[in-house]
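Accompanying notes for the structure given below.
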Amino acid sequence: MGMHLSEVLRRPLVTEKNTAIQAPQGKYAFEVAVGANKNQVKLAVEKAFKVNVAQVNVLTVPGRRRMMRGRTVVTPSWKKAIVTLKPGDKIELFEGV
């Protein structure tokens, strides 16, 4: 396995959309390492938060063009994972944000 589990999860993504799907559906969004696959994300979340993961959806968010001092730069692409937990499980880190 090329990547250590502690390197897979970068940070939780707290946005209005993600907060809306959190409580009713038990889905949590994370920024993950670009090289990570669904299995690694599942193992990392289960180990870090001691929960059972039912499903993982992964998508690559493309970089965006930005103007900086008159020149165009492209922000790097990154990977997002939406993790669905088994019913009854929740991640405390997000609660009350």
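FYI, nothing fancy with the structure tokens labels: chains A, B, ... in order, residues from 1 per chain, ligands from 1 as they appear.
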
Spatial neighbours of Asn57 (chain A), 10 Å, only C-alpha atoms, chain gap at least 3 places, as a PyMOL selection string: chain A and resi 29+37-38+41-42+80-84

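Distances from A:Arg64, A:Arg71, A:Lys47, A:Lys79 to Val32 (chain A) were compared using only C-alpha atoms, and the smallest one belongs to A:Lys79.
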
Residue neighbourhood region 23-27 of chain A, 10 Å, only C-alpha atoms, exclusion window fewer than 2 positions, as an MDAnalysis selection string: chainID A and resid 18:21 29 53:56 81:91 94:95

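Using only C-alpha atoms, the nearest neighbour of Pro76 (chain A) within the list A:His4, A:Val61, A:Glu16, A:Gln22 is A:Val61.
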
DSSP on the backbone: what in chain A comes out strand (DSSP E), as a PyMOL selection string? chain A and resi 9-12+27-32+53-61+65-68+71-74+78-85

Give me, as an mmCIF file with C-alpha atoms, in the first residue's frame, all polymer residues having an atom no more than 7 Å from Arg65 (chain A), counting only C-alpha atoms and skipping those fewer than 5 positions away in the same chain.
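Writing done, so here's part_34.cif:
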```cif
data_model
loop_
_atom_site.group_PDB
_atom_site.id
_atom_site.type_symbol
_atom_site.label_atom_id
_atom_site.label_comp_id
_atom_site.auth_asym_id
_atom_site.auth_seq_id
_atom_site.Cartn_x
_atom_site.Cartn_y
_atom_site.Cartn_z
ATOM 1 C CA THR A 72 -3.547 33.443 -15.148
ATOM 2 C CA VAL A 73 -2.676 30.641 -12.752
ATOM 3 C CA VAL A 74 -4.457 27.327 -12.300
ATOM 4 C CA THR A 75 -5.117 26.216 -8.727
#
```

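DSSP, applied to the backbone of this structure, assigns helix (DSSP H, G or I) to the following residues of region 11-78 of chain A: Glu16, Lys17, Asn18, Thr19, Ala20, Ile21, Gln22, Ala23, Pro24, Gln25, Lys38, Asn39, Gln40, Val41, Lys42, Leu43, Ala44, Val45, Glu46, Lys47, Ala48 and Phe49 of chain A.
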
Any chance you can output those residues with N, CA and C atoms as a short mmCIF file (atom, residue, chain, number, x, y, z; two decimals), in the first residue's frame?
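Listed below is the output, selection-v2.cif:
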```cif
data_model
loop_
_atom_site.label_atom_id
_atom_site.label_comp_id
_atom_site.auth_asym_id
_atom_site.auth_seq_id
_atom_site.Cartn_x
_atom_site.Cartn_y
_atom_site.Cartn_z
N GLU A 16 -22.23 24.59 3.56
CA GLU A 16 -23.68 24.51 3.78
C GLU A 16 -24.26 23.24 3.17
N LYS A 17 -23.81 22.91 1.98
CA LYS A 17 -24.33 21.71 1.31
C LYS A 17 -23.97 20.45 2.10
N ASN A 18 -22.71 20.38 2.55
CA ASN A 18 -22.30 19.19 3.29
C ASN A 18 -23.01 19.09 4.63
N THR A 19 -23.24 20.22 5.29
CA THR A 19 -23.94 20.21 6.58
C THR A 19 -25.38 19.76 6.38
N ALA A 20 -25.98 20.10 5.25
CA ALA A 20 -27.38 19.75 4.99
C ALA A 20 -27.57 18.23 4.83
N ILE A 21 -26.57 17.53 4.28
CA ILE A 21 -26.72 16.07 4.08
C ILE A 21 -26.21 15.28 5.29
N GLN A 22 -25.61 15.98 6.24
CA GLN A 22 -24.95 15.30 7.34
C GLN A 22 -25.91 14.57 8.27
N ALA A 23 -26.76 15.32 8.94
CA ALA A 23 -27.62 14.71 9.96
C ALA A 23 -28.65 13.74 9.37
N PRO A 24 -29.44 14.16 8.35
CA PRO A 24 -30.48 13.24 7.88
C PRO A 24 -29.92 12.00 7.18
N GLN A 25 -28.80 12.13 6.47
CA GLN A 25 -28.32 11.01 5.65
C GLN A 25 -27.06 10.34 6.20
N LYS A 38 -10.97 4.58 -2.81
CA LYS A 38 -12.12 4.45 -1.91
C LYS A 38 -11.82 3.56 -0.72
N ASN A 39 -11.11 2.47 -0.97
CA ASN A 39 -10.81 1.53 0.11
C ASN A 39 -9.95 2.19 1.18
N GLN A 40 -8.94 2.96 0.76
CA GLN A 40 -8.07 3.64 1.71
C GLN A 40 -8.85 4.68 2.52
N VAL A 41 -9.76 5.40 1.85
CA VAL A 41 -10.58 6.40 2.54
C VAL A 41 -11.44 5.71 3.59
N LYS A 42 -12.05 4.59 3.22
CA LYS A 42 -12.90 3.84 4.15
C LYS A 42 -12.10 3.42 5.39
N LEU A 43 -10.94 2.82 5.17
CA LEU A 43 -10.12 2.36 6.29
C LEU A 43 -9.67 3.52 7.16
N ALA A 44 -9.29 4.64 6.54
CA ALA A 44 -8.81 5.80 7.29
C ALA A 44 -9.91 6.40 8.17
N VAL A 45 -11.13 6.51 7.62
CA VAL A 45 -12.24 7.08 8.40
C VAL A 45 -12.62 6.14 9.54
N GLU A 46 -12.67 4.85 9.25
CA GLU A 46 -13.03 3.88 10.30
C GLU A 46 -12.01 3.89 11.43
N LYS A 47 -10.73 4.01 11.08
CA LYS A 47 -9.68 4.00 12.09
C LYS A 47 -9.68 5.31 12.88
N ALA A 48 -9.83 6.44 12.18
CA ALA A 48 -9.72 7.74 12.83
C ALA A 48 -10.89 8.04 13.75
N PHE A 49 -12.11 7.65 13.33
CA PHE A 49 -13.31 8.05 14.09
C PHE A 49 -14.04 6.88 14.74
#
```

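Among the candidates A:Val34, A:Lys50, A:Ser77, A:Tyr28, the one nearest to Pro62 (chain A) when counting only C-alpha atoms is A:Ser77.
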
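One finds CA of Phe30 (chain A) at 12.0 Å from CA of Leu93 (chain A).
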
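Straight-line separation from CA of Pro12 (chain A) to CA of Arg66 (chain A): 24.1 Å.
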
Enter the distance from CA of Val14 (chain A) to CA of Glu31 (chain A), in Å, rounded to one decimal. 10.2 Å
